[in-house]
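As provided, run-v4.cif (mmCIF, C-alpha atoms and all ligand atoms) reads as follows.
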```
data_protein
#
loop_
_atom_site.group_PDB
_atom_site.id
_atom_site.type_symbol
_atom_site.label_atom_id
_atom_site.label_comp_id
_atom_site.auth_asym_id
_atom_site.auth_seq_id
_atom_site.Cartn_x
_atom_site.Cartn_y
_atom_site.Cartn_z
ATOM 1 C CA MET A 400 -14.497 -16.826 3.797
ATOM 2 C CA ALA A 401 -16.831 -15.249 1.307
ATOM 3 C CA GLU A 402 -17.213 -16.430 -2.255
ATOM 4 C CA VAL A 403 -17.373 -14.087 -5.205
ATOM 5 C CA ARG A 404 -20.686 -14.967 -6.807
ATOM 6 C CA THR A 405 -21.285 -12.040 -9.118
ATOM 7 C CA CYS A 406 -18.753 -10.383 -11.388
ATOM 8 C CA PRO A 407 -18.658 -6.629 -10.695
ATOM 9 C CA VAL A 408 -17.838 -5.927 -14.339
ATOM 10 C CA CYS A 409 -20.371 -7.997 -16.336
ATOM 11 C CA GLY A 410 -22.703 -9.388 -13.662
ATOM 12 C CA GLY A 411 -21.815 -12.959 -14.691
ATOM 13 C CA SER A 412 -21.781 -15.803 -12.183
ATOM 14 C CA ASP A 413 -19.534 -18.415 -13.845
ATOM 15 C CA PHE A 414 -15.889 -18.470 -12.800
ATOM 16 C CA SER A 415 -13.122 -20.894 -13.672
ATOM 17 C CA ASP A 416 -10.237 -21.463 -11.247
ATOM 18 C CA LEU A 417 -6.760 -20.434 -12.398
ATOM 19 C CA PHE A 418 -4.386 -21.101 -9.474
ATOM 20 C CA THR A 419 -3.905 -20.633 -5.746
ATOM 21 C CA ALA A 420 -1.816 -17.782 -4.363
ATOM 22 C CA PRO A 421 -0.493 -17.248 -0.828
ATOM 23 C CA ASP A 422 -0.789 -14.095 1.280
ATOM 24 C CA HIS A 423 2.949 -13.430 1.521
ATOM 25 C CA LEU A 424 2.594 -10.267 3.547
ATOM 26 C CA VAL A 425 0.531 -11.044 6.642
ATOM 27 C CA THR A 426 -1.054 -14.454 7.213
ATOM 28 C CA GLY A 427 0.438 -17.013 4.833
ATOM 29 C CA GLU A 428 -3.115 -18.181 4.047
ATOM 30 C CA SER A 429 -3.886 -19.213 0.474
ATOM 31 C CA PHE A 430 -6.593 -17.839 -1.782
ATOM 32 C CA ARG A 431 -8.042 -19.023 -5.077
ATOM 33 C CA ILE A 432 -7.575 -16.909 -8.177
ATOM 34 C CA ALA A 433 -10.340 -17.375 -10.738
ATOM 35 C CA LYS A 434 -11.495 -15.816 -13.978
ATOM 36 C CA CYS A 435 -14.992 -14.669 -14.944
ATOM 37 C CA CYS A 436 -16.173 -16.747 -17.909
ATOM 38 C CA GLY A 437 -18.234 -13.790 -19.127
ATOM 39 C CA CYS A 438 -15.743 -10.917 -19.337
ATOM 40 C CA GLY A 439 -12.364 -12.322 -18.298
ATOM 41 C CA LEU A 440 -12.056 -10.377 -15.029
ATOM 42 C CA VAL A 441 -9.595 -12.160 -12.721
ATOM 43 C CA VAL A 442 -10.772 -12.212 -9.108
ATOM 44 C CA THR A 443 -9.727 -13.414 -5.689
ATOM 45 C CA ALA A 444 -12.489 -16.009 -5.553
ATOM 46 C CA ASP A 445 -12.652 -16.684 -1.803
ATOM 47 C CA PRO A 446 -11.799 -13.375 -0.100
ATOM 48 C CA PRO A 447 -12.417 -12.684 3.599
ATOM 49 C CA GLU A 448 -15.737 -11.116 4.539
ATOM 50 C CA GLU A 449 -15.523 -7.325 4.386
ATOM 51 C CA ASN A 450 -15.851 -7.009 8.169
ATOM 52 C CA ASP A 451 -12.868 -9.360 8.601
ATOM 53 C CA ILE A 452 -10.467 -7.861 6.028
ATOM 54 C CA GLY A 453 -8.927 -5.396 8.515
ATOM 55 C CA ARG A 454 -6.686 -8.034 10.081
ATOM 56 C CA TYR A 455 -5.117 -8.754 6.668
ATOM 57 C CA TYR A 456 -3.790 -5.188 6.611
ATOM 58 C CA VAL A 457 -2.051 -5.500 9.984
ATOM 59 C CA SER A 458 1.588 -5.673 8.985
ATOM 60 C CA ASP A 459 4.762 -3.743 9.698
ATOM 61 C CA ASP A 460 5.468 -4.355 6.046
ATOM 62 C CA TYR A 461 2.505 -2.430 4.724
ATOM 63 C CA ILE A 462 4.772 0.433 3.832
ATOM 64 C CA SER A 463 2.342 2.446 1.789
ATOM 65 C CA HIS A 464 0.859 3.332 5.190
ATOM 66 C CA SER A 465 4.147 3.936 6.971
ATOM 67 C CA ASP A 466 7.073 6.282 7.043
ATOM 68 C CA LYS A 467 9.918 3.879 7.716
ATOM 69 C CA LYS A 468 13.201 3.709 5.835
ATOM 70 C CA GLN A 469 14.703 0.689 7.609
ATOM 71 C CA ASN A 470 16.055 -1.331 4.742
ATOM 72 C CA LEU A 471 17.162 -0.817 1.212
ATOM 73 C CA THR A 472 13.871 -1.911 -0.367
ATOM 74 C CA GLU A 473 11.935 0.554 1.759
ATOM 75 C CA LEU A 474 14.434 3.347 1.106
ATOM 76 C CA PHE A 475 14.064 2.640 -2.617
ATOM 77 C CA TYR A 476 10.281 2.700 -2.241
ATOM 78 C CA HIS A 477 10.315 6.055 -0.461
ATOM 79 C CA LEU A 478 12.622 7.626 -3.047
ATOM 80 C CA ALA A 479 10.350 6.314 -5.790
ATOM 81 C CA ARG A 480 7.324 7.766 -4.014
ATOM 82 C CA LYS A 481 8.932 11.192 -4.011
ATOM 83 C CA PHE A 482 9.575 10.944 -7.725
ATOM 84 C CA MET A 483 6.050 9.652 -8.359
ATOM 85 C CA LEU A 484 4.333 12.517 -6.506
ATOM 86 C CA GLY A 485 5.660 14.960 -9.087
ATOM 87 C CA ARG A 486 4.664 12.661 -11.919
ATOM 88 C CA LYS A 487 1.123 12.182 -10.549
ATOM 89 C CA PHE A 488 0.704 15.939 -10.144
ATOM 90 C CA ARG A 489 1.771 16.586 -13.734
ATOM 91 C CA LEU A 490 -0.540 13.828 -14.953
ATOM 92 C CA ALA A 491 -3.535 15.313 -13.093
ATOM 93 C CA ARG A 492 -2.720 18.750 -14.506
ATOM 94 C CA ARG A 493 -2.348 17.446 -18.051
ATOM 95 C CA ALA A 494 -5.402 15.135 -17.902
ATOM 96 C CA THR A 495 -7.711 17.880 -16.645
ATOM 97 C CA GLY A 496 -6.112 20.751 -18.571
ATOM 98 C CA LYS A 497 -6.192 22.758 -15.313
ATOM 99 C CA SER A 498 -3.262 24.047 -13.295
ATOM 100 C CA ILE A 499 -5.465 24.270 -10.205
ATOM 101 C CA GLY A 500 -8.870 22.827 -9.456
ATOM 102 C CA THR A 501 -10.800 20.527 -7.162
ATOM 103 C CA ILE A 502 -9.554 16.996 -6.613
ATOM 104 C CA VAL A 503 -10.898 14.026 -4.674
ATOM 105 C CA ASP A 504 -8.310 11.360 -3.858
ATOM 106 C CA ILE A 505 -10.102 8.094 -3.068
ATOM 107 C CA GLY A 506 -8.003 5.847 -0.858
ATOM 108 C CA SER A 507 -5.831 8.770 0.205
ATOM 109 C CA GLY A 508 -3.927 6.704 2.786
ATOM 110 C CA THR A 509 -1.522 8.793 4.822
ATOM 111 C CA GLY A 510 -2.167 11.770 2.541
ATOM 112 C CA TYR A 511 1.149 12.317 0.735
ATOM 113 C CA PHE A 512 -0.395 12.816 -2.703
ATOM 114 C CA ALA A 513 -3.267 14.901 -1.307
ATOM 115 C CA SER A 514 -0.754 17.102 0.514
ATOM 116 C CA PHE A 515 1.374 17.519 -2.619
ATOM 117 C CA MET A 516 -1.698 18.645 -4.585
ATOM 118 C CA GLN A 517 -2.748 21.002 -1.780
ATOM 119 C CA GLN A 518 0.701 22.605 -1.828
ATOM 120 C CA LYS A 519 0.260 23.144 -5.572
ATOM 121 C CA GLY A 520 -2.914 25.116 -4.879
ATOM 122 C CA TRP A 521 -5.553 22.444 -5.506
ATOM 123 C CA ASN A 522 -8.656 22.150 -3.361
ATOM 124 C CA VAL A 523 -8.232 18.622 -1.994
ATOM 125 C CA THR A 524 -10.499 16.108 -0.292
ATOM 126 C CA GLY A 525 -9.224 12.679 0.700
ATOM 127 C CA VAL A 526 -11.404 9.607 1.185
ATOM 128 C CA GLU A 527 -9.890 6.929 3.406
ATOM 129 C CA ILE A 528 -11.326 4.006 5.348
ATOM 130 C CA ASN A 529 -8.395 3.510 7.730
ATOM 131 C CA ASP A 530 -8.980 5.634 10.866
ATOM 132 C CA ARG A 531 -5.281 5.949 11.711
ATOM 133 C CA ALA A 532 -4.324 6.962 8.180
ATOM 134 C CA ARG A 533 -7.156 9.524 8.131
ATOM 135 C CA GLU A 534 -6.047 11.006 11.450
ATOM 136 C CA PHE A 535 -2.397 11.017 10.291
ATOM 137 C CA SER A 536 -3.182 12.923 7.092
ATOM 138 C CA ALA A 537 -5.305 15.451 8.977
ATOM 139 C CA ALA A 538 -2.707 15.986 11.727
ATOM 140 C CA LYS A 539 0.428 16.003 9.568
ATOM 141 C CA PHE A 540 -0.843 17.717 6.432
ATOM 142 C CA GLY A 541 -4.155 19.339 7.393
ATOM 143 C CA ILE A 542 -6.001 17.399 4.697
ATOM 144 C CA ARG A 543 -9.796 17.243 4.791
ATOM 145 C CA THR A 544 -10.333 13.486 4.741
ATOM 146 C CA LEU A 545 -13.707 11.734 4.706
ATOM 147 C CA ASN A 546 -14.667 8.281 5.796
ATOM 148 C CA PRO A 547 -16.014 6.449 2.711
ATOM 149 C CA SER A 548 -19.466 6.362 4.348
ATOM 150 C CA ALA A 549 -19.507 10.196 4.127
ATOM 151 C CA VAL A 550 -18.751 10.381 0.414
ATOM 152 C CA ASN A 551 -22.383 11.468 -0.141
ATOM 153 C CA ASP A 552 -21.285 14.830 1.294
ATOM 154 C CA LEU A 553 -19.410 15.552 -1.935
ATOM 155 C CA GLY A 554 -21.537 17.546 -4.341
ATOM 156 C CA ASP A 555 -22.670 16.355 -7.761
ATOM 157 C CA ALA A 556 -20.233 17.256 -10.552
ATOM 158 C CA SER A 557 -18.017 19.010 -7.986
ATOM 159 C CA ALA A 558 -14.614 17.479 -8.811
ATOM 160 C CA ASP A 559 -12.332 18.374 -11.703
ATOM 161 C CA CYS A 560 -10.300 15.299 -10.945
ATOM 162 C CA VAL A 561 -10.878 12.051 -9.040
ATOM 163 C CA THR A 562 -7.862 9.845 -8.407
ATOM 164 C CA LEU A 563 -7.556 6.229 -7.270
ATOM 165 C CA TRP A 564 -3.890 5.293 -6.958
ATOM 166 C CA HIS A 565 -3.831 1.522 -6.482
ATOM 167 C CA VAL A 566 -7.174 1.559 -4.691
ATOM 168 C CA LEU A 567 -9.937 0.150 -6.926
ATOM 169 C CA GLU A 568 -8.512 -3.368 -6.617
ATOM 170 C CA HIS A 569 -9.089 -3.171 -2.829
ATOM 171 C CA LEU A 570 -12.748 -2.113 -2.933
ATOM 172 C CA TYR A 571 -15.481 -4.665 -2.229
ATOM 173 C CA GLU A 572 -17.983 -2.931 -4.492
ATOM 174 C CA PRO A 573 -15.998 -1.343 -7.322
ATOM 175 C CA GLU A 574 -19.153 -0.988 -9.404
ATOM 176 C CA LYS A 575 -20.795 1.174 -6.713
ATOM 177 C CA TRP A 576 -17.702 3.362 -6.545
ATOM 178 C CA MET A 577 -17.671 3.835 -10.311
ATOM 179 C CA GLY A 578 -21.238 5.132 -10.033
ATOM 180 C CA GLU A 579 -20.237 7.448 -7.193
ATOM 181 C CA ILE A 580 -17.238 8.743 -9.150
ATOM 182 C CA ARG A 581 -19.511 9.497 -12.103
ATOM 183 C CA ARG A 582 -21.787 11.463 -9.785
ATOM 184 C CA ILE A 583 -19.074 13.645 -8.244
ATOM 185 C CA LEU A 584 -16.999 14.189 -11.397
ATOM 186 C CA ALA A 585 -17.573 17.413 -13.366
ATOM 187 C CA ASP A 586 -18.759 16.863 -16.938
ATOM 188 C CA ASP A 587 -15.357 17.919 -18.282
ATOM 189 C CA GLY A 588 -13.480 16.293 -15.379
ATOM 190 C CA ARG A 589 -11.093 13.357 -15.498
ATOM 191 C CA CYS A 590 -10.811 10.281 -13.341
ATOM 192 C CA ILE A 591 -7.345 8.728 -13.013
ATOM 193 C CA ILE A 592 -7.136 5.085 -11.958
ATOM 194 C CA ALA A 593 -3.816 3.306 -11.339
ATOM 195 C CA LEU A 594 -3.884 -0.484 -11.121
ATOM 196 C CA PRO A 595 -1.603 -3.502 -11.294
ATOM 197 C CA ASN A 596 -1.911 -5.221 -14.652
ATOM 198 C CA ILE A 597 -2.679 -8.949 -14.488
ATOM 199 C CA GLU A 598 -1.635 -9.209 -18.141
ATOM 200 C CA SER A 599 1.785 -7.656 -17.480
ATOM 201 C CA SER A 600 4.946 -9.512 -18.381
ATOM 202 C CA ASP A 601 6.013 -9.577 -14.708
ATOM 203 C CA ALA A 602 2.634 -11.119 -13.701
ATOM 204 C CA GLN A 603 3.355 -13.921 -16.169
ATOM 205 C CA TRP A 604 6.997 -14.198 -15.040
ATOM 206 C CA PHE A 605 6.240 -14.573 -11.322
ATOM 207 C CA GLY A 606 2.857 -16.378 -11.456
ATOM 208 C CA GLU A 607 1.495 -17.109 -7.981
ATOM 209 C CA ASN A 608 4.400 -15.189 -6.408
ATOM 210 C CA TRP A 609 3.698 -11.976 -8.312
ATOM 211 C CA ALA A 610 3.730 -9.426 -5.489
ATOM 212 C CA ALA A 611 0.975 -7.332 -7.043
ATOM 213 C CA LEU A 612 -1.508 -10.194 -6.621
ATOM 214 C CA ASP A 613 -1.326 -9.155 -2.941
ATOM 215 C CA VAL A 614 -4.167 -11.502 -1.920
ATOM 216 C CA PRO A 615 -6.513 -11.164 -0.189
ATOM 217 C CA ARG A 616 -6.121 -7.362 -0.065
ATOM 218 C CA HIS A 617 -6.477 -7.206 -3.849
ATOM 219 C CA LEU A 618 -9.933 -8.524 -4.633
ATOM 220 C CA TRP A 619 -9.838 -7.823 -8.386
ATOM 221 C CA HIS A 620 -6.953 -8.254 -10.807
ATOM 222 C CA PHE A 621 -7.761 -5.997 -13.735
ATOM 223 C CA SER A 622 -6.383 -6.002 -17.270
ATOM 224 C CA PRO A 623 -6.835 -3.123 -19.744
ATOM 225 C CA ASP A 624 -9.823 -4.943 -21.272
ATOM 226 C CA THR A 625 -11.643 -5.589 -17.992
ATOM 227 C CA LEU A 626 -11.010 -2.120 -16.537
ATOM 228 C CA LEU A 627 -12.271 -0.424 -19.698
ATOM 229 C CA HIS A 628 -15.277 -2.759 -19.740
ATOM 230 C CA LEU A 629 -16.105 -1.675 -16.158
ATOM 231 C CA ALA A 630 -15.594 1.986 -17.084
ATOM 232 C CA GLU A 631 -17.891 1.741 -20.107
ATOM 233 C CA GLU A 632 -20.607 0.028 -18.062
ATOM 234 C CA HIS A 633 -20.678 3.181 -15.919
ATOM 235 C CA GLY A 634 -20.710 5.701 -18.748
ATOM 236 C CA PHE A 635 -17.000 6.490 -18.985
ATOM 237 C CA ALA A 636 -14.792 6.722 -22.047
ATOM 238 C CA CYS A 637 -11.053 6.040 -22.082
ATOM 239 C CA GLU A 638 -8.856 9.090 -22.739
ATOM 240 C CA ALA A 639 -5.428 7.517 -22.229
ATOM 241 C CA ILE A 640 -3.570 4.542 -20.802
ATOM 242 C CA ARG A 641 -0.027 5.077 -19.519
ATOM 243 C CA PRO A 642 2.521 2.756 -17.910
ATOM 244 C CA LEU A 643 3.776 3.346 -14.364
ATOM 245 C CA PRO A 644 7.331 2.194 -15.042
ATOM 246 C CA LEU A 645 8.825 2.287 -11.542
ATOM 247 C CA ASP A 646 6.294 -0.151 -10.101
ATOM 248 C CA LEU A 647 7.916 -2.929 -12.107
ATOM 249 C CA PHE A 648 11.163 -2.772 -10.095
ATOM 250 C CA TYR A 649 9.464 -2.633 -6.725
ATOM 251 C CA ILE A 650 7.047 -5.456 -7.598
ATOM 252 C CA ALA A 651 9.848 -7.598 -9.059
ATOM 253 C CA ALA A 652 11.992 -7.167 -5.897
ATOM 254 C CA LEU A 653 9.048 -8.082 -3.648
ATOM 255 C CA SER A 654 8.189 -11.044 -5.880
ATOM 256 C CA TYR A 655 11.727 -12.417 -5.503
ATOM 257 C CA ARG A 656 11.406 -11.979 -1.757
ATOM 258 C CA ASN A 657 8.102 -13.910 -1.942
ATOM 259 C CA ARG A 658 10.016 -16.726 -3.610
ATOM 260 C CA GLY A 659 12.490 -16.651 -0.722
ATOM 261 C CA ARG A 660 15.401 -15.553 -2.924
ATOM 262 C CA GLN A 661 18.490 -13.772 -1.605
ATOM 263 C CA LEU A 662 19.399 -10.334 -3.012
ATOM 264 C CA ALA A 663 15.770 -9.743 -3.912
ATOM 265 C CA LEU A 664 16.275 -6.024 -4.597
ATOM 266 C CA LEU A 665 19.203 -6.612 -6.940
ATOM 267 C CA ARG A 666 17.364 -9.404 -8.749
ATOM 268 C CA GLY A 667 14.292 -7.174 -8.961
ATOM 269 C CA ILE A 668 16.271 -4.374 -10.571
ATOM 270 C CA VAL A 669 17.944 -6.705 -13.084
ATOM 271 C CA THR A 670 14.668 -8.458 -14.006
ATOM 272 C CA GLY A 671 12.921 -5.083 -14.059
ATOM 273 C CA LEU A 672 15.465 -3.701 -16.520
ATOM 274 C CA PHE A 673 15.117 -6.781 -18.717
ATOM 275 C CA LEU A 674 11.307 -6.633 -18.732
ATOM 276 C CA ALA A 675 11.338 -2.859 -19.228
ATOM 277 C CA VAL A 676 13.338 -3.341 -22.415
ATOM 278 C CA VAL A 677 11.070 -6.202 -23.552
ATOM 279 C CA ASN A 678 8.065 -3.957 -22.930
ATOM 280 C CA LEU A 679 9.506 -0.876 -24.602
ATOM 281 C CA PHE A 680 6.948 -1.026 -27.405
ATOM 282 C CA ARG A 681 4.240 -2.972 -25.522
ATOM 283 C CA SER A 682 3.084 -0.526 -22.870
ATOM 284 C CA ASN A 683 -0.062 -2.578 -22.168
ATOM 285 C CA LYS A 684 2.280 -5.243 -20.694
ATOM 286 C CA ALA A 685 3.570 -2.817 -18.021
ATOM 287 C CA SER A 686 3.393 -3.943 -14.392
ATOM 288 C CA SER A 687 0.993 -1.143 -13.495
ATOM 289 C CA LEU A 688 -1.114 1.052 -15.731
ATOM 290 C CA ILE A 689 -2.733 4.434 -15.289
ATOM 291 C CA TYR A 690 -6.110 4.893 -16.968
ATOM 292 C CA VAL A 691 -7.485 8.366 -17.633
ATOM 293 C CA ILE A 692 -11.243 8.229 -18.173
ATOM 294 C CA SER A 693 -13.909 10.863 -18.761
ATOM 295 C CA LYS A 694 -17.693 10.920 -18.655
ATOM 296 C CA GLN A 695 -19.244 9.900 -21.935
ATOM 297 C CA LYS A 696 -21.429 12.622 -23.371
ATOM 298 C CA THR A 697 -25.088 11.744 -22.870
HETATM 299 ZN ZN ZN B 701 -17.396 -10.749 -15.722
#
```
Take the structure in this file and express it as structure tokens.
Amino acid sequence: MAEVRTCPVCGGSDFSDLFTAPDHLVTGESFRIAKCCGCGLVVTADPPEENDIGRYYVSDDYISHSDKKQNLTELFYHLARKFMLGRKFRLARRATGKSIGTIVDIGSGTGYFASFMQQKGWNVTGVEINDRAREFSAAKFGIRTLNPSAVNDLGDASADCVTLWHVLEHLYEPEKWMGEIRRILADDGRCIIALPNIESSDAQWFGENWAALDVPRHLWHFSPDTLLHLAEEHGFACEAIRPLPLDLFYIAALSYRNRGRQLALLRGIVTGLFLAVVNLFRSNKASSLIYVISKQKT
């Protein structure tokens, strides 16, 4: 086990423990959740070493990397993904003000979003650490996909849009990536970051069983304040924050399954509807948020 010693947002080194959360998906091991005393960033305090994290991703359940539709939850997930691809495309188009352009999708996984953008005429590069996912996206969709170690190959100010869909929370050095994103983003470009929201009403509802804690794969548990703090440290300004409403239902269903409850999907939908109504005028309490950021003028 490693120990988070330095906060990637503020550089602080004091953390206070909050609670312990189990890895529901793969190992059943428990991890400490702690909060930076300097900036409030919530972290997985004792994550695996980076060279050991791979085994925590080995799961038939890790459906964002798979194509299965075996049960109702997965079918629901795949239908939602189809809906979300269109929404992500429209968001990228609106955020950049361009109907076609150059996009870098960091953490491109199996390449569904990258492929969707390519079909819409965008010049797409994926960045993905998982060899199998990279090969899958190249073979199935013909996506140019780089290993993260080759991200230097991307030119300065070459991207109109950089996207990280539920990726930043997995990265061991988010502060280095923010610097890299600033380098490759065009001066009038937009970076879109989607993240679970540790201050969401469902995070409070489910506590240690909140599925979007997803320890130890999620190393950082951002809130609007801590993400915008990180962005500002790297010379970005916030253009918009938007809720990702469908994530709530999926996360709630998985959270009920984590608690060992029957009818987890049904319970997830009912709780999701309740919380969606509660959050109608409090979008910063949404389960997941999308941040659109731009380079501050220097
Ligand atoms: Zn901090």
Exercise. For the atom pair atom CA of A:Cys436 and atom CA of A:Leu643, what is the interatomic distance in Å to one decimal place?
Worked result: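 Straight-line distance from atom CA of A:Cys436 to atom CA of A:Leu643 works out to 28.5 Å.
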Dump the neighbourhood of ligand ZN 701 (chain B) as an mmCIF file with C-alpha atoms, in the coordinates of the input: all residues within 12 Å, distances computed on only C-alpha atoms and all ligand atoms.
```cif
data_model
loop_
_atom_site.group_PDB
_atom_site.id
_atom_site.type_symbol
_atom_site.label_atom_id
_atom_site.label_comp_id
_atom_site.auth_asym_id
_atom_site.auth_seq_id
_atom_site.Cartn_x
_atom_site.Cartn_y
_atom_site.Cartn_z
ATOM 1 C CA VAL A 403 -17.373 -14.087 -5.205
ATOM 2 C CA ARG A 404 -20.686 -14.967 -6.807
ATOM 3 C CA THR A 405 -21.285 -12.040 -9.118
ATOM 4 C CA CYS A 406 -18.753 -10.383 -11.388
ATOM 5 C CA PRO A 407 -18.658 -6.629 -10.695
ATOM 6 C CA VAL A 408 -17.838 -5.927 -14.339
ATOM 7 C CA CYS A 409 -20.371 -7.997 -16.336
ATOM 8 C CA GLY A 410 -22.703 -9.388 -13.662
ATOM 9 C CA GLY A 411 -21.815 -12.959 -14.691
ATOM 10 C CA SER A 412 -21.781 -15.803 -12.183
ATOM 11 C CA ASP A 413 -19.534 -18.415 -13.845
ATOM 12 C CA PHE A 414 -15.889 -18.470 -12.800
ATOM 13 C CA SER A 415 -13.122 -20.894 -13.672
ATOM 14 C CA ALA A 433 -10.340 -17.375 -10.738
ATOM 15 C CA LYS A 434 -11.495 -15.816 -13.978
ATOM 16 C CA CYS A 435 -14.992 -14.669 -14.944
ATOM 17 C CA CYS A 436 -16.173 -16.747 -17.909
ATOM 18 C CA GLY A 437 -18.234 -13.790 -19.127
ATOM 19 C CA CYS A 438 -15.743 -10.917 -19.337
ATOM 20 C CA GLY A 439 -12.364 -12.322 -18.298
ATOM 21 C CA LEU A 440 -12.056 -10.377 -15.029
ATOM 22 C CA VAL A 441 -9.595 -12.160 -12.721
ATOM 23 C CA VAL A 442 -10.772 -12.212 -9.108
ATOM 24 C CA GLU A 574 -19.153 -0.988 -9.404
ATOM 25 C CA TRP A 619 -9.838 -7.823 -8.386
ATOM 26 C CA HIS A 620 -6.953 -8.254 -10.807
ATOM 27 C CA PHE A 621 -7.761 -5.997 -13.735
ATOM 28 C CA ASP A 624 -9.823 -4.943 -21.272
ATOM 29 C CA THR A 625 -11.643 -5.589 -17.992
ATOM 30 C CA LEU A 626 -11.010 -2.120 -16.537
ATOM 31 C CA HIS A 628 -15.277 -2.759 -19.740
ATOM 32 C CA LEU A 629 -16.105 -1.675 -16.158
ATOM 33 C CA GLU A 632 -20.607 0.028 -18.062
#
```
Exercise. Which of these residues is nearest to A:Ala593, using only C-alpha atoms: A:His569, A:Lys694, A:Arg492, A:Arg681?
Worked result: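 Among the listed residues, A:His569 lies closest to A:Ala593.
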Kindly resolve the PyMOL selection byres (((chain A and resi 598) around 12) and not hetatm) on the present coordinates and return the residues as a PDB file with C-alpha atoms, keeping the file's coordinate frame.
```pdb
ATOM      1  CA  GLY A 439     -12.364 -12.322 -18.298  1.00  0.00           C
ATOM      2  CA  LEU A 440     -12.056 -10.377 -15.029  1.00  0.00           C
ATOM      3  CA  VAL A 441      -9.595 -12.160 -12.721  1.00  0.00           C
ATOM      4  CA  LEU A 594      -3.884  -0.484 -11.121  1.00  0.00           C
ATOM      5  CA  PRO A 595      -1.603  -3.502 -11.294  1.00  0.00           C
ATOM      6  CA  ASN A 596      -1.911  -5.221 -14.652  1.00  0.00           C
ATOM      7  CA  ILE A 597      -2.679  -8.949 -14.488  1.00  0.00           C
ATOM      8  CA  SER A 599       1.785  -7.656 -17.480  1.00  0.00           C
ATOM      9  CA  SER A 600       4.946  -9.512 -18.381  1.00  0.00           C
ATOM     10  CA  ASP A 601       6.013  -9.577 -14.708  1.00  0.00           C
ATOM     11  CA  ALA A 602       2.634 -11.119 -13.701  1.00  0.00           C
ATOM     12  CA  GLN A 603       3.355 -13.921 -16.169  1.00  0.00           C
ATOM     13  CA  TRP A 604       6.997 -14.198 -15.040  1.00  0.00           C
ATOM     14  CA  PHE A 605       6.240 -14.573 -11.322  1.00  0.00           C
ATOM     15  CA  GLY A 606       2.857 -16.378 -11.456  1.00  0.00           C
ATOM     16  CA  TRP A 609       3.698 -11.976  -8.312  1.00  0.00           C
ATOM     17  CA  ALA A 611       0.975  -7.332  -7.043  1.00  0.00           C
ATOM     18  CA  LEU A 612      -1.508 -10.194  -6.621  1.00  0.00           C
ATOM     19  CA  HIS A 620      -6.953  -8.254 -10.807  1.00  0.00           C
ATOM     20  CA  PHE A 621      -7.761  -5.997 -13.735  1.00  0.00           C
ATOM     21  CA  SER A 622      -6.383  -6.002 -17.270  1.00  0.00           C
ATOM     22  CA  PRO A 623      -6.835  -3.123 -19.744  1.00  0.00           C
ATOM     23  CA  ASP A 624      -9.823  -4.943 -21.272  1.00  0.00           C
ATOM     24  CA  THR A 625     -11.643  -5.589 -17.992  1.00  0.00           C
ATOM     25  CA  LEU A 626     -11.010  -2.120 -16.537  1.00  0.00           C
ATOM     26  CA  ARG A 681       4.240  -2.972 -25.522  1.00  0.00           C
ATOM     27  CA  SER A 682       3.084  -0.526 -22.870  1.00  0.00           C
ATOM     28  CA  ASN A 683      -0.062  -2.578 -22.168  1.00  0.00           C
ATOM     29  CA  LYS A 684       2.280  -5.243 -20.694  1.00  0.00           C
ATOM     30  CA  ALA A 685       3.570  -2.817 -18.021  1.00  0.00           C
ATOM     31  CA  SER A 686       3.393  -3.943 -14.392  1.00  0.00           C
ATOM     32  CA  SER A 687       0.993  -1.143 -13.495  1.00  0.00           C
ATOM     33  CA  LEU A 688      -1.114   1.052 -15.731  1.00  0.00           C
TER      34      LEU A 688
END
```
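The spacing separating atom CA of A:Ala558 from atom CA of A:Ile583 amounts to 5.9 Å.
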Once the PyMOL selection byres (((chain A and resi 449) around 10) and not hetatm) has been evaluated on this model, what residues remain selected, and can you format them as a tab-separated table (two decimals) with C-alpha atoms, in the frame of the given file?
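What follows is the written file part-v2.tsv:
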```
chain	number	residue	atom	x	y	z
A	400	MET	CA	-14.50	-16.83	3.80
A	401	ALA	CA	-16.83	-15.25	1.31
A	446	PRO	CA	-11.80	-13.38	-0.10
A	447	PRO	CA	-12.42	-12.68	3.60
A	448	GLU	CA	-15.74	-11.12	4.54
A	450	ASN	CA	-15.85	-7.01	8.17
A	451	ASP	CA	-12.87	-9.36	8.60
A	452	ILE	CA	-10.47	-7.86	6.03
A	453	GLY	CA	-8.93	-5.40	8.52
A	570	LEU	CA	-12.75	-2.11	-2.93
A	571	TYR	CA	-15.48	-4.66	-2.23
```
